[in-house]
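A.B. asks: Mind having a look at this structure? Questions to follow.
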Amino acid sequence: MKYLSSKEASDILGVNISTLKRWTETGKLNCLKTAGGHRKFTIQHIRNFYKDNKDSVKSKDLSLKSKHHKAIYGLINKVDYKQLSSILAQASLNADEEAVSNIINGSYMNGLPIADILDYLIEVAGYIVEKKLENEEISHADAYLSRKLITRTVDSLNSNKPNGSFNGKNALCVNFEDNLPDIGVIMSEVLLRHNGYNVFNTGSHAQLGNLQDMIKERKIDLLLFYLCDMQCCNAIIDENIKKTSDQVKKIIKLSETSKVKVIFGGMGLSNLKEIKPLIDRSFLTFNNLQKFI
């Protein structure tokens, strides 16, 4: 995951580094320290401080320097997901990393519900980009780079521990073998962490066989598999549908023998009609997943 340096954190909060250091020493602002004494910050650290100490933050616009970026913050304050998702989609296609970060991290730090950010902002922006691809307005390379940029920013909302109070449970998030985009499984990890789970994320797996050992070694309580329906997802193309369906059956059997809960997510599930009756728990939105966990 990406950590923020003291300089980056101080820029976001609009204070000098000496003030930042004083806040960490008094416990006003949490951070992680390396063996060498360097301070590292996560977006969650900044978000928690910002929510509790808004009067201490000089940078009311979260360091959004240009008029365009300040306008973004105005939309965040209005909770205008429709406009924000449209701007996010275009910013990702323009490789405007600062705007992408400001929209996602700004929404997060402003305390918007994490499931809503995932559903109404990230997911919608993804489908705007997908629609442009379908209409041949952009290339597959453009769509891929857009998703990678958004994925990288969303991943910054994770940390190497539960983001909420630890609920004592471990979850394993796995992408389907031929499901190249990992944005869905990253978003699932974000939500699980914010609900207190300790999460392991394998990304796209090669074989199901080694998962059983991992479940035992990591003491996994919950398995989550994600299957999107984007054009770059090979798991749902005609020649792979049977393979993917067989994988789902094996996953269900694995969950039964290992006695762990399994949840399937993503719009790609609608393409697996023959196995739909076999799935007890599935979600299409992250607010749905929120209810399961």
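Scheme for the structure tokens: letters A, B, ... for chains in order shown; per-chain residue numbers from 1; ligand numbers from 1 in order shown.
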Show which residues sit within 7 Å of Glu189 in chain A, as a count of residues only. Count only C-alpha atoms, and ignore same-chain residues fewer than 3 positions away.
C.D. replies: 6
A.B. asks: Can you list, as a list in words, every protein, DNA or RNA residue that comes within 12 Å of Arg218 in chain A when you count only C-alpha atoms, leaving out same-chain residues fewer than 5 positions away?
C.D. replies: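 After dropping sequence-adjacent residues, the list is Lys169, Asn170, Ala171, Leu172, Asn198, Val199, Phe200, Asn201, Leu211, Gln212, Asp213 and Leu223 of chain A.
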A.B. asks: Any idea what's packed within 9 Å of Phe292 in chain A, counting only C-alpha atoms, ignoring anything in its chain fewer than 6 positions away? Could you give it as a list in words?
C.D. replies: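 Final neighbour list, sorted by chain and number: Ile263, Arg281, Ser282 and Phe283 of chain A.
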A.B. asks: Using backbone DSSP assignments, extract all helix (DSSP H, G or I) residues from range 31-236 of chain A; output them as a ChimeraX atom specification.
C.D. replies: /A:43-52,54-56,67-78,81-93,97-109,114-134,140-155,183-194,211-217,234-236
A.B. asks: Write the residues of the selection above to a file with C-alpha atoms, as a CSV table (one decimal), in the first residue's frame.
C.D. replies:
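Result went into selection.csv, see below:
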```csv
chain,number,residue,atom,x,y,z
A,43,ILE,CA,-5.2,8.3,4.2
A,44,GLN,CA,-7.1,6.9,7.1
A,45,HIS,CA,-4.8,8.7,9.6
A,46,ILE,CA,-5.5,11.9,7.8
A,47,ARG,CA,-9.2,11.2,7.5
A,48,ASN,CA,-9.6,10.5,11.2
A,49,PHE,CA,-7.6,13.7,12.1
A,50,TYR,CA,-9.6,15.8,9.7
A,51,LYS,CA,-13.0,14.6,11.0
A,52,ASP,CA,-12.0,15.3,14.6
A,54,LYS,CA,-11.4,20.5,11.3
A,55,ASP,CA,-10.7,23.8,13.2
A,56,SER,CA,-7.0,22.9,13.3
A,67,LYS,CA,-9.8,26.4,-9.6
A,68,HIS,CA,-10.8,23.0,-11.1
A,69,HIS,CA,-9.6,21.1,-8.1
A,70,LYS,CA,-11.4,23.5,-5.7
A,71,ALA,CA,-14.5,23.1,-7.7
A,72,ILE,CA,-14.1,19.3,-7.1
A,73,TYR,CA,-14.1,19.9,-3.4
A,74,GLY,CA,-17.3,22.0,-3.7
A,75,LEU,CA,-18.9,19.0,-5.4
A,76,ILE,CA,-17.7,16.7,-2.6
A,77,ASN,CA,-19.3,19.1,0.0
A,78,LYS,CA,-22.5,18.9,-2.0
A,81,TYR,CA,-21.8,11.8,-7.0
A,82,LYS,CA,-23.1,12.2,-10.5
A,83,GLN,CA,-20.8,15.1,-11.4
A,84,LEU,CA,-17.9,13.7,-9.4
A,85,SER,CA,-18.1,10.3,-11.1
A,86,SER,CA,-18.1,12.0,-14.5
A,87,ILE,CA,-15.1,14.1,-13.7
A,88,LEU,CA,-13.4,11.1,-12.2
A,89,ALA,CA,-13.8,9.1,-15.3
A,90,GLN,CA,-12.4,11.8,-17.5
A,91,ALA,CA,-9.6,12.6,-15.1
A,92,SER,CA,-8.5,8.9,-15.1
A,93,LEU,CA,-8.5,8.9,-19.0
A,97,GLU,CA,-3.5,11.6,-11.0
A,98,GLU,CA,-3.9,14.6,-8.8
A,99,ALA,CA,-7.6,15.1,-9.7
A,100,VAL,CA,-8.3,11.3,-9.3
A,101,SER,CA,-6.7,11.4,-5.9
A,102,ASN,CA,-8.5,14.6,-4.9
A,103,ILE,CA,-11.9,13.2,-5.8
A,104,ILE,CA,-11.5,9.8,-4.1
A,105,ASN,CA,-9.4,10.8,-1.1
A,106,GLY,CA,-11.3,14.0,-0.7
A,107,SER,CA,-14.6,12.2,-0.5
A,108,TYR,CA,-13.1,9.7,1.9
A,109,MET,CA,-11.6,12.3,4.2
A,114,ILE,CA,-17.3,4.1,2.2
A,115,ALA,CA,-19.9,1.9,0.5
A,116,ASP,CA,-21.4,4.9,-1.2
A,117,ILE,CA,-18.0,6.1,-2.4
A,118,LEU,CA,-17.5,2.6,-4.0
A,119,ASP,CA,-21.0,2.3,-5.5
A,120,TYR,CA,-21.9,5.8,-6.6
A,121,LEU,CA,-18.4,7.2,-7.4
A,122,ILE,CA,-15.9,4.5,-8.3
A,123,GLU,CA,-18.3,2.0,-9.9
A,124,VAL,CA,-20.1,4.7,-11.9
A,125,ALA,CA,-16.9,6.2,-13.2
A,126,GLY,CA,-15.8,2.7,-14.3
A,127,TYR,CA,-19.0,2.2,-16.3
A,128,ILE,CA,-18.6,5.6,-17.9
A,129,VAL,CA,-15.2,4.6,-19.1
A,130,GLU,CA,-16.6,1.2,-20.2
A,131,LYS,CA,-19.3,2.9,-22.2
A,132,LYS,CA,-16.8,5.0,-24.0
A,133,LEU,CA,-14.9,1.8,-24.9
A,134,GLU,CA,-18.1,0.2,-26.2
A,140,HIS,CA,-8.6,-0.8,-24.8
A,141,ALA,CA,-5.3,0.7,-23.7
A,142,ASP,CA,-7.0,3.9,-22.6
A,143,ALA,CA,-9.6,1.9,-20.5
A,144,TYR,CA,-6.9,-0.2,-19.0
A,145,LEU,CA,-4.7,2.7,-17.9
A,146,SER,CA,-7.8,4.5,-16.5
A,147,ARG,CA,-8.7,1.5,-14.4
A,148,LYS,CA,-5.1,1.1,-13.2
A,149,LEU,CA,-5.0,4.7,-12.0
A,150,ILE,CA,-8.3,4.5,-10.2
A,151,THR,CA,-7.4,1.1,-8.7
A,152,ARG,CA,-4.1,2.5,-7.4
A,153,THR,CA,-5.9,5.3,-5.7
A,154,VAL,CA,-8.6,3.1,-4.2
A,155,ASP,CA,-5.9,0.8,-2.8
A,183,ILE,CA,-10.6,-3.0,-9.0
A,184,GLY,CA,-13.6,-5.0,-7.8
A,185,VAL,CA,-11.6,-7.2,-5.4
A,186,ILE,CA,-9.6,-4.2,-4.2
A,187,MET,CA,-12.9,-2.4,-3.4
A,188,SER,CA,-14.2,-5.5,-1.6
A,189,GLU,CA,-11.0,-5.5,0.5
A,190,VAL,CA,-11.6,-1.8,1.4
A,191,LEU,CA,-15.1,-2.5,2.6
A,192,LEU,CA,-14.1,-5.6,4.6
A,193,ARG,CA,-11.3,-3.7,6.3
A,194,HIS,CA,-13.6,-0.9,7.2
A,211,LEU,CA,-6.4,-22.0,-1.4
A,212,GLN,CA,-7.3,-24.8,0.9
A,213,ASP,CA,-3.9,-24.6,2.5
A,214,MET,CA,-4.1,-20.9,2.7
A,215,ILE,CA,-7.5,-21.1,4.4
A,216,LYS,CA,-6.0,-23.3,7.1
A,217,GLU,CA,-2.8,-21.5,7.6
A,234,ASN,CA,-11.8,-13.0,-20.1
A,235,ALA,CA,-13.5,-15.1,-17.4
A,236,ILE,CA,-17.0,-14.4,-18.9
```
A.B. asks: Mind checking which residues fall within 12 Å of Ile252 in chain A, counting only C-alpha atoms, ignoring those fewer than 2 positions away in the same chain, and posting them as a PyMOL selection string?
C.D. replies: chain A and resi 208+223-225+245-250+254-264+275-281
A.B. asks: Looking only at the backbone, which of the residues in range 29-222 of chain A does DSSP tag as strand (DSSP E or B), as number ranges by chain?
C.D. replies: A: 32-33, 39-41, 170-175, 179, 198-204, 222
A.B. asks: Between CA of Asn94 in chain A and CA of Glu136 in chain A, what is the spacing in Å?
C.D. replies: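 Atom-to-atom, CA of Glu136 in chain A to CA of Asn94 in chain A, that is 16.5 Å.
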A.B. asks: What separation in Å, quoted to one decimal, exists between CA of Leu13 in chain A and CA of Asp80 in chain A?
C.D. replies: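 Between CA of Leu13 in chain A and CA of Asp80 in chain A the gap is 23.2 Å.
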